[in-house]
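Undergrad: data-v3.tsv is reproduced in full below (TSV, C-alpha atoms and all ligand atoms).
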chain	number	residue	atom	x	y	z
A	12	MET	CA	115.97	-112.32	-195.09
A	13	SER	CA	116.15	-114.86	-197.88
A	14	LEU	CA	114.74	-115.70	-201.28
A	15	LYS	CA	112.66	-118.37	-199.60
A	16	THR	CA	110.99	-115.76	-197.34
A	17	ALA	CA	110.16	-113.52	-200.29
A	18	TYR	CA	108.86	-116.55	-202.21
A	19	ARG	CA	106.62	-117.59	-199.33
A	20	LYS	CA	105.23	-114.07	-199.02
A	21	ALA	CA	104.51	-113.78	-202.76
A	22	LEU	CA	102.82	-117.18	-202.80
A	23	SER	CA	100.50	-116.14	-199.99
A	24	GLY	CA	99.84	-112.72	-201.54
A	25	GLU	CA	101.63	-110.86	-198.76
A	26	GLN	CA	103.25	-107.56	-199.75
A	27	LEU	CA	107.04	-107.83	-199.82
A	28	ALA	CA	108.94	-105.64	-197.35
A	29	ASP	CA	111.41	-103.08	-198.71
A	30	SER	CA	114.22	-105.34	-197.47
A	31	ASP	CA	112.83	-108.32	-199.46
A	32	ILE	CA	112.68	-106.18	-202.60
A	33	ARG	CA	116.25	-104.97	-202.07
A	34	PHE	CA	117.35	-108.55	-201.52
A	35	ILE	CA	115.93	-109.58	-204.90
A	36	ILE	CA	117.43	-106.59	-206.69
A	37	ASP	CA	120.86	-107.29	-205.18
A	38	LEU	CA	120.77	-111.02	-205.81
A	39	PRO	CA	123.99	-111.95	-207.64
A	40	GLN	CA	123.79	-113.13	-211.22
A	41	ASP	CA	124.80	-116.70	-210.30
A	42	ARG	CA	121.50	-116.96	-208.38
A	43	LEU	CA	119.34	-115.77	-211.29
A	44	GLY	CA	118.29	-119.36	-212.05
A	45	GLU	CA	116.99	-119.75	-208.49
A	46	LEU	CA	115.10	-116.46	-208.73
A	47	LEU	CA	113.47	-117.48	-212.01
A	48	GLU	CA	112.49	-120.84	-210.56
A	49	CYS	CA	110.69	-119.08	-207.69
A	50	ALA	CA	109.00	-116.62	-210.07
A	51	HIS	CA	107.86	-119.49	-212.25
A	52	GLY	CA	106.60	-121.28	-209.14
A	53	ILE	CA	104.49	-118.24	-208.17
A	54	ARG	CA	102.98	-118.04	-211.68
A	55	THR	CA	102.25	-121.76	-211.69
A	56	ALA	CA	100.53	-121.60	-208.30
A	57	ARG	CA	98.31	-118.75	-209.49
A	58	PHE	CA	97.85	-119.39	-213.20
A	59	GLY	CA	98.69	-123.07	-213.71
A	60	ASN	CA	100.35	-123.81	-217.04
A	61	LYS	CA	98.18	-121.45	-219.13
A	62	ILE	CA	99.72	-118.72	-221.23
A	63	SER	CA	97.69	-115.95	-222.80
A	64	LEU	CA	98.54	-114.90	-226.36
A	65	CYS	CA	97.73	-111.44	-227.62
A	66	ALA	CA	98.52	-109.50	-230.79
A	67	ILE	CA	98.12	-105.94	-231.98
A	68	ILE	CA	97.55	-103.88	-235.07
A	69	ASN	CA	99.17	-100.48	-235.47
A	70	ALA	CA	95.85	-98.98	-236.54
A	71	LYS	CA	96.81	-95.31	-236.63
A	72	SER	CA	100.44	-94.40	-236.87
A	73	GLY	CA	102.82	-91.48	-236.43
A	74	THR	CA	102.65	-87.69	-235.92
A	75	CYS	CA	101.88	-87.99	-232.24
A	76	SER	CA	101.65	-84.73	-230.27
A	77	GLU	CA	103.58	-86.28	-227.35
A	78	ASN	CA	107.36	-86.54	-226.99
A	79	CYS	CA	107.98	-89.89	-225.26
A	80	SER	CA	111.74	-90.34	-225.62
A	81	PHE	CA	111.62	-93.99	-226.75
A	82	CYS	CA	108.89	-93.65	-229.36
A	83	ALA	CA	109.36	-93.51	-233.13
A	84	GLN	CA	105.82	-92.22	-233.57
A	85	SER	CA	106.35	-88.94	-231.76
A	86	GLY	CA	106.01	-85.93	-234.07
A	87	HIS	CA	108.81	-84.27	-232.05
A	88	HIS	CA	111.72	-86.55	-232.92
A	89	GLY	CA	111.91	-86.92	-236.67
A	90	ALA	CA	112.43	-90.69	-236.48
A	91	GLU	CA	111.33	-92.66	-239.52
A	92	SER	CA	107.95	-94.14	-238.79
A	93	PRO	CA	104.87	-94.98	-240.85
A	94	GLU	CA	102.23	-92.23	-240.86
A	95	TYR	CA	98.57	-92.93	-241.60
A	96	PRO	CA	95.12	-92.19	-240.15
A	97	LEU	CA	92.88	-94.84	-238.56
A	98	VAL	CA	92.57	-97.84	-240.85
A	99	SER	CA	89.13	-99.25	-241.68
A	100	ALA	CA	87.20	-101.52	-239.32
A	101	GLU	CA	87.34	-104.19	-242.05
A	102	ASP	CA	91.15	-104.10	-242.14
A	103	ILE	CA	91.29	-104.27	-238.36
A	104	ALA	CA	88.90	-107.23	-238.31
A	105	ALA	CA	90.93	-109.01	-241.02
A	106	ALA	CA	94.09	-108.64	-238.90
A	107	GLY	CA	92.13	-109.90	-235.88
A	108	ALA	CA	90.94	-112.94	-237.80
A	109	ALA	CA	94.53	-113.74	-238.86
A	110	ALA	CA	95.69	-113.44	-235.24
A	111	ARG	CA	92.86	-115.68	-234.06
A	112	ALA	CA	94.00	-118.35	-236.50
A	113	HIS	CA	97.33	-118.31	-234.58
A	114	GLY	CA	95.59	-119.02	-231.26
A	115	VAL	CA	95.51	-115.37	-230.13
A	116	THR	CA	92.68	-114.63	-227.68
A	117	ARG	CA	93.09	-110.86	-227.19
A	118	PHE	CA	93.56	-108.41	-230.03
A	119	GLY	CA	94.67	-104.84	-229.41
A	120	VAL	CA	93.88	-101.94	-231.71
A	121	VAL	CA	96.73	-99.53	-231.02
A	122	CYS	CA	96.79	-95.89	-232.13
A	123	SER	CA	99.27	-93.07	-231.80
A	124	GLY	CA	98.12	-89.85	-230.18
A	125	LYS	CA	96.91	-88.64	-226.83
A	126	LEU	CA	93.23	-87.83	-227.30
A	127	VAL	CA	90.45	-89.36	-229.41
A	128	GLY	CA	88.13	-87.38	-231.72
A	129	ASP	CA	84.56	-88.31	-232.74
A	130	ASP	CA	85.49	-89.78	-236.13
A	131	ASP	CA	88.02	-92.15	-234.61
A	132	LEU	CA	85.59	-93.04	-231.84
A	133	ALA	CA	83.03	-94.18	-234.43
A	134	GLY	CA	85.73	-96.18	-236.23
A	135	PHE	CA	86.80	-97.84	-232.98
A	136	ALA	CA	83.21	-98.79	-232.13
A	137	GLU	CA	82.76	-100.46	-235.52
A	138	ALA	CA	86.11	-102.28	-235.27
A	139	VAL	CA	85.27	-103.48	-231.76
A	140	LYS	CA	81.92	-104.88	-232.98
A	141	GLN	CA	83.56	-106.73	-235.85
A	142	LEU	CA	86.33	-108.17	-233.64
A	143	ALA	CA	83.84	-109.33	-230.99
A	144	ALA	CA	81.87	-111.11	-233.71
A	145	LEU	CA	85.02	-113.09	-234.55
A	146	GLY	CA	85.24	-114.47	-231.00
A	147	ILE	CA	88.42	-112.59	-230.11
A	148	ALA	CA	88.55	-110.18	-227.15
A	149	PRO	CA	88.69	-106.62	-228.55
A	150	ASP	CA	91.13	-104.37	-226.72
A	151	LEU	CA	91.87	-100.77	-227.53
A	152	SER	CA	94.95	-98.63	-226.97
A	153	PRO	CA	93.77	-95.26	-228.25
A	154	GLY	CA	95.38	-92.77	-225.86
A	155	ILE	CA	93.32	-91.13	-223.16
A	156	LEU	CA	89.57	-91.77	-223.24
A	157	ASP	CA	87.05	-89.92	-221.11
A	158	ARG	CA	84.24	-91.61	-219.21
A	159	SER	CA	81.57	-91.16	-221.90
A	160	GLN	CA	83.91	-92.50	-224.61
A	161	LEU	CA	84.76	-95.51	-222.46
A	162	LYS	CA	81.07	-96.15	-221.87
A	163	ALA	CA	80.20	-95.89	-225.58
A	164	LEU	CA	82.96	-98.33	-226.51
A	165	LYS	CA	82.05	-100.73	-223.75
A	166	ASN	CA	78.50	-100.74	-225.10
A	167	ALA	CA	79.92	-101.60	-228.53
A	168	GLY	CA	81.63	-104.67	-227.04
A	169	LEU	CA	85.03	-103.35	-225.92
A	170	GLN	CA	86.62	-105.66	-223.35
A	171	GLY	CA	90.05	-104.25	-222.67
A	172	TYR	CA	91.49	-100.75	-222.36
A	173	HIS	CA	95.23	-100.49	-222.70
A	174	HIS	CA	97.07	-97.46	-221.42
A	175	ASN	CA	100.66	-97.73	-220.24
A	176	LEU	CA	102.09	-95.63	-217.44
A	177	GLU	CA	105.47	-96.45	-219.05
A	178	THR	CA	107.66	-95.76	-215.99
A	179	SER	CA	107.57	-94.35	-212.48
A	180	ALA	CA	106.11	-90.94	-211.63
A	181	SER	CA	109.63	-89.94	-210.53
A	182	PHE	CA	111.29	-90.78	-213.86
A	183	PHE	CA	108.41	-89.81	-216.18
A	184	PRO	CA	109.44	-86.12	-216.61
A	185	GLN	CA	112.78	-87.30	-218.03
A	186	MET	CA	110.92	-89.40	-220.59
A	187	CYS	CA	108.03	-87.13	-221.56
A	188	THR	CA	107.35	-83.44	-221.01
A	189	THR	CA	104.22	-82.91	-223.09
A	190	HIS	CA	101.75	-84.25	-220.55
A	191	ALA	CA	101.60	-85.01	-216.86
A	192	TYR	CA	101.93	-88.50	-215.40
A	193	GLU	CA	98.74	-87.87	-213.46
A	194	GLU	CA	96.76	-87.72	-216.76
A	195	ASP	CA	97.84	-91.29	-217.51
A	196	VAL	CA	97.02	-92.44	-214.00
A	197	ARG	CA	93.57	-90.84	-214.33
A	198	ALA	CA	93.02	-92.67	-217.64
A	199	VAL	CA	93.87	-96.00	-216.00
A	200	ARG	CA	91.52	-95.28	-213.10
A	201	ALA	CA	88.73	-94.32	-215.54
A	202	GLY	CA	89.18	-97.64	-217.38
A	203	MET	CA	88.95	-99.53	-214.11
A	204	GLU	CA	85.86	-97.58	-213.06
A	205	ALA	CA	84.24	-98.36	-216.42
A	206	GLY	CA	84.61	-102.06	-215.58
A	207	LEU	CA	87.03	-102.77	-218.44
A	208	TYR	CA	89.96	-105.21	-218.37
A	209	VAL	CA	92.73	-102.67	-217.98
A	210	CYS	CA	96.14	-103.47	-219.36
A	211	SER	CA	98.75	-101.02	-218.11
A	212	GLY	CA	102.47	-101.46	-217.78
A	213	GLY	CA	105.67	-99.96	-218.94
A	214	ILE	CA	108.88	-99.95	-220.88
A	215	PHE	CA	112.22	-100.92	-219.36
A	216	GLY	CA	115.75	-100.01	-220.37
A	217	ILE	CA	115.04	-96.31	-220.97
A	218	GLY	CA	117.48	-95.18	-218.29
A	219	GLU	CA	115.23	-95.85	-215.30
A	220	SER	CA	116.62	-97.21	-212.02
A	221	TRP	CA	115.57	-100.31	-210.08
A	222	GLU	CA	113.75	-97.95	-207.71
A	223	ASP	CA	111.73	-96.60	-210.65
A	224	ARG	CA	110.81	-100.17	-211.67
A	225	VAL	CA	109.63	-100.95	-208.16
A	226	GLU	CA	107.71	-97.67	-207.90
A	227	LEU	CA	105.83	-98.47	-211.13
A	228	ALA	CA	105.01	-102.03	-210.03
A	229	LEU	CA	103.69	-100.87	-206.66
A	230	LEU	CA	101.51	-98.22	-208.28
A	231	LEU	CA	100.09	-100.72	-210.78
A	232	GLY	CA	99.37	-103.02	-207.86
A	233	GLU	CA	97.58	-100.21	-206.02
A	234	LEU	CA	95.54	-99.26	-209.09
A	235	GLY	CA	94.34	-102.87	-209.32
A	236	VAL	CA	95.07	-103.37	-213.03
A	237	PRO	CA	94.66	-107.07	-213.88
A	238	SER	CA	97.18	-107.05	-216.73
A	239	VAL	CA	100.69	-105.59	-217.00
A	240	PRO	CA	102.44	-105.45	-220.39
A	241	MET	CA	106.22	-105.38	-220.10
A	242	ASN	CA	108.14	-103.79	-222.97
A	243	PHE	CA	111.90	-103.47	-223.41
A	244	LEU	CA	113.57	-100.64	-225.27
A	245	HIS	CA	114.45	-101.24	-228.90
A	246	PRO	CA	116.49	-98.07	-229.54
A	247	ILE	CA	115.22	-96.45	-232.73
A	248	PRO	CA	117.38	-94.10	-234.84
A	249	GLY	CA	116.11	-90.54	-234.66
A	250	THR	CA	114.66	-90.86	-231.15
A	251	PRO	CA	116.41	-89.36	-228.12
A	252	LEU	CA	117.18	-92.91	-226.94
A	253	GLU	CA	118.80	-94.07	-230.18
A	254	GLY	CA	122.17	-94.49	-228.43
A	255	GLN	CA	120.83	-96.20	-225.30
A	256	ASP	CA	122.29	-99.65	-224.57
A	257	VAL	CA	119.87	-102.55	-224.97
A	258	LEU	CA	119.15	-104.22	-221.64
A	259	ALA	CA	121.19	-107.33	-220.91
A	260	PRO	CA	118.90	-110.39	-221.04
A	261	GLU	CA	119.83	-111.24	-217.43
A	262	GLU	CA	118.68	-107.82	-216.22
A	263	ALA	CA	115.43	-108.06	-218.21
A	264	LEU	CA	114.75	-111.54	-216.77
A	265	LYS	CA	115.31	-110.18	-213.28
A	266	ILE	CA	112.81	-107.37	-213.93
A	267	VAL	CA	110.15	-109.87	-215.03
A	268	ALA	CA	110.84	-112.09	-212.01
A	269	LEU	CA	110.73	-109.10	-209.64
A	270	TYR	CA	107.37	-108.04	-211.11
A	271	ARG	CA	106.05	-111.57	-210.51
A	272	PHE	CA	107.03	-111.26	-206.83
A	273	LEU	CA	105.49	-107.77	-206.56
A	274	LEU	CA	102.34	-108.53	-208.55
A	275	PRO	CA	101.78	-112.25	-207.91
A	276	ASP	CA	98.17	-112.33	-209.09
A	277	ARG	CA	98.40	-110.11	-212.19
A	278	ALA	CA	98.91	-111.17	-215.78
A	279	LEU	CA	102.42	-110.21	-216.92
A	280	ARG	CA	102.62	-109.96	-220.71
A	281	LEU	CA	105.94	-109.86	-222.55
A	282	CYS	CA	105.54	-107.42	-225.42
A	283	GLY	CA	107.68	-105.01	-227.45
A	284	GLY	CA	111.45	-105.44	-227.47
A	285	ARG	CA	111.27	-109.12	-226.55
A	286	LEU	CA	113.29	-110.12	-229.61
A	287	THR	CA	115.69	-107.18	-229.29
A	288	VAL	CA	116.69	-108.27	-225.79
A	289	PHE	CA	116.33	-112.04	-225.95
A	290	GLY	CA	116.57	-112.94	-229.62
A	291	GLU	CA	115.11	-116.30	-230.59
A	292	GLU	CA	117.62	-118.18	-228.40
A	293	ARG	CA	116.51	-117.33	-224.88
A	294	LYS	CA	112.75	-117.77	-225.24
A	295	HIS	CA	112.77	-120.78	-222.96
A	296	GLU	CA	114.14	-118.80	-219.99
A	297	LEU	CA	111.74	-115.99	-220.74
A	298	LEU	CA	108.78	-118.33	-220.66
A	299	GLN	CA	109.93	-119.54	-217.25
A	300	SER	CA	110.53	-116.14	-215.68
A	301	GLY	CA	107.09	-115.62	-214.16
A	302	ALA	CA	105.35	-114.16	-217.22
A	303	THR	CA	101.85	-115.36	-218.09
A	304	GLY	CA	101.37	-113.81	-221.50
A	305	LEU	CA	103.15	-113.25	-224.77
A	306	MET	CA	102.49	-110.74	-227.51
A	307	VAL	CA	103.02	-112.52	-230.81
A	308	GLY	CA	103.44	-111.18	-234.34
A	309	ASP	CA	104.66	-107.69	-235.18
A	310	TYR	CA	104.91	-104.79	-232.75
A	311	LEU	CA	104.05	-101.17	-233.46
A	312	THR	CA	107.01	-100.09	-235.55
A	313	THR	CA	109.27	-103.15	-235.32
A	314	ARG	CA	109.00	-106.68	-236.70
A	315	GLY	CA	108.08	-109.50	-234.37
A	316	GLY	CA	109.15	-113.11	-234.43
A	317	ASP	CA	107.78	-116.23	-235.98
A	318	VAL	CA	104.49	-117.30	-234.31
A	319	ALA	CA	105.03	-120.99	-235.11
A	320	SER	CA	108.36	-120.87	-233.27
A	321	ASP	CA	106.65	-119.16	-230.29
A	322	HIS	CA	104.12	-122.01	-230.17
A	323	LYS	CA	106.91	-124.59	-230.29
A	324	GLU	CA	108.75	-122.94	-227.39
A	325	ILE	CA	105.52	-122.65	-225.40
A	326	THR	CA	104.96	-126.40	-225.73
A	327	GLN	CA	108.58	-127.15	-224.84
A	328	ALA	CA	108.24	-124.99	-221.72
A	329	GLY	CA	105.29	-127.16	-220.64
A	330	LEU	CA	102.80	-124.32	-221.14
A	331	VAL	CA	99.45	-124.36	-222.92
A	332	PRO	CA	97.91	-121.36	-224.73
A	333	GLU	CA	94.64	-120.17	-223.19
A	334	PRO	CA	91.78	-121.59	-225.24
A	335	LEU	CA	89.86	-119.42	-227.68
A	336	GLY	CA	86.52	-118.13	-226.41
A	401	LIG	S1	104.28	-93.58	-226.73
A	401	LIG	FE1	102.18	-93.05	-227.39
A	401	LIG	S2	101.87	-91.01	-226.52
A	401	LIG	FE2	104.09	-91.36	-226.45
A	401	LIG	S3	104.85	-90.46	-228.39
A	401	LIG	FE3	104.46	-92.65	-228.77
A	401	LIG	S4	102.37	-92.72	-229.63
A	401	LIG	FE4	102.64	-90.72	-228.62
For the structure just supplied, provide its representation as structure tokens.
Ligand code: SF4

TA:
Amino acid sequence: MSLKTAYRKALSGEQLADSDIRFIIDLPQDRLGELLECAHGIRTARFGNKISLCAIINAKSGTCSENCSFCAQSGHHGAESPEYPLVSAEDIAAAGAAARAHGVTRFGVVCSGKLVGDDDLAGFAEAVKQLAALGIAPDLSPGILDRSQLKALKNAGLQGYHHNLETSASFFPQMCTTHAYEEDVRAVRAGMEAGLYVCSGGIFGIGESWEDRVELALLLGELGVPSVPMNFLHPIPGTPLEGQDVLAPEEALKIVALYRFLLPDRALRLCGGRLTVFGEERKHELLQSGATGLMVGDYLTTRGGDVASDHKEITQAGLVPEPLG
């Protein structure tokens, strides 16, 4: 068993054995550079030097019925978080146009809440139409959509459906007790069946183990999702995880690299918590950890970094943003 064996398997698309996965997890910190080099090699073999840029708008915020332990928008925790209903399609399109001017090719309309009512559905359809007209891929993160809602939005021009599983089925009940993990898995399957580009991933640093991380990656692989957003906990005062330690950058880099080995042909997008864990200083390593996408601009309830500096780092890492459609 060696890193070389795992690398060869990932390059050829062969599933890693449990022993390969354990080997990567147990790799000492002084071999992290080697691991990242392999992960970057796998991404280059599959995706070349392209990097996909996406951005989001927090289009409906706060008072969520669910109690996800990391989330400021849960109505259960009393954390300070903006609260407003779905913003207008015009405001969403204006934010999409601004993102497009920064070279962003996918734009996510993200909303708090678990289920979607008719009024919001009509608002989403209009926003999707306006975003598509701008030449940016409209993605939606609205909670759980049923088949007919997915179909209606696809007809309006929706391209991507985002719904995170957040963590493993084993750890989920420690993170959320207001709905079952299986409901989220069903939502992801429904998005896939509707023929949408499904973006589903998780959040790391919420107290989960390496086994939980592997379990999530293997399930995402099985579900066939083409895109996996990777978020890192930014502990927010007032949430149950306010006192949780922020992940060490080395551990977060290892998670990204491990996901590249486990999901060699999927887009891995670095999203929320990127700045919390890595700051502005370690972007270069992050861009060479196996990831193929970067969320730029602000996140849901936290500020993002400077997009111009992201572009500079991307160029310095020898990567090229995916062209606009
Ligand atoms: S993560 Fe989503 S579902 Fe969970 S509390 Fe936050 S807004 Fe609600």

Undergrad: Residues of chain A that approach ligand LIG 401 (chain A) to 6 Å or less, counting all atoms listed in the file: could you list each one with the shortest pair of atoms and its distance in Å to one decimal, rows by chain and increasing residue number, as a tab-separated table?

TA:
residue	atom	partner	partner_atom	distance
A:Cys75	CA	A:LIG401	FE4	4.6
A:Glu77	CA	A:LIG401	S3	4.5
A:Asn78	CA	A:LIG401	S3	4.9
A:Cys79	CA	A:LIG401	FE2	4.3
A:Cys82	CA	A:LIG401	FE3	4.6
A:Gln84	CA	A:LIG401	FE3	5.0
A:Ser85	CA	A:LIG401	S3	4.0
A:Ser123	CA	A:LIG401	S4	3.8
A:Gly124	CA	A:LIG401	FE4	4.9
A:Lys125	CA	A:LIG401	S2	5.5

Undergrad: Please identify all polymer residues within 8 Å of A:Leu14, counting all atoms listed in the file, omitting same-chain residues fewer than 2 positions from it, and present them as an mmCIF file with C-alpha atoms, in the coordinates of the input.

TA:
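Output contents, as saved in part_17.cif:
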data_model
loop_
_atom_site.group_PDB
_atom_site.id
_atom_site.type_symbol
_atom_site.label_atom_id
_atom_site.label_comp_id
_atom_site.auth_asym_id
_atom_site.auth_seq_id
_atom_site.Cartn_x
_atom_site.Cartn_y
_atom_site.Cartn_z
ATOM 1 C CA MET A 12 115.970 -112.320 -195.090
ATOM 2 C CA THR A 16 110.990 -115.760 -197.340
ATOM 3 C CA ALA A 17 110.160 -113.520 -200.290
ATOM 4 C CA TYR A 18 108.860 -116.550 -202.210
ATOM 5 C CA ASP A 31 112.830 -108.320 -199.460
ATOM 6 C CA PHE A 34 117.350 -108.550 -201.520
ATOM 7 C CA ILE A 35 115.930 -109.580 -204.900
ATOM 8 C CA LEU A 46 115.100 -116.460 -208.730
#

Undergrad: Need the shell around A:Leu64: protein/DNA/RNA residues with any atom at most 8 Å away, counting only C-alpha atoms. Skip same-chain ones fewer than 3 positions apart. Format as a VMD selection string?

TA: chain A and resid 114 to 117 304 to 307 332 to 333

Undergrad: Counting only C-alpha atoms, what is within 10 Å of A:Arg33, bar same-chain residues fewer than 4 positions away, as a VMD selection string?

TA: chain A and resid 27 to 29 37 to 38 221 to 222 225

Undergrad: So that I can see what lies close to A:Tyr172, please list as a ChimeraX atom specification the residues with an atom at most 7 Å from it, counting only C-alpha atoms and leaving out residues fewer than 3 positions away in the same chain.

TA: /A:150-152,202,207-210

Undergrad: For C-alpha atoms, I'd like the residues from the last selection saved as a tab-separated table (two decimals), keeping the file's coordinate frame.

TA:
chain	number	residue	atom	x	y	z
A	150	ASP	CA	91.13	-104.37	-226.72
A	151	LEU	CA	91.87	-100.77	-227.53
A	152	SER	CA	94.95	-98.63	-226.97
A	202	GLY	CA	89.18	-97.64	-217.38
A	207	LEU	CA	87.03	-102.77	-218.44
A	208	TYR	CA	89.96	-105.21	-218.37
A	209	VAL	CA	92.73	-102.67	-217.98
A	210	CYS	CA	96.14	-103.47	-219.36

Undergrad: If we count all atoms listed in the file and set the cut-off at 8 Å, which residues sit around A:Ile247, ignoring sequence neighbours fewer than 4 positions away in its own chain? Please answer as a PyMOL selection string.

TA: chain A and resi 81-83+90+252-253
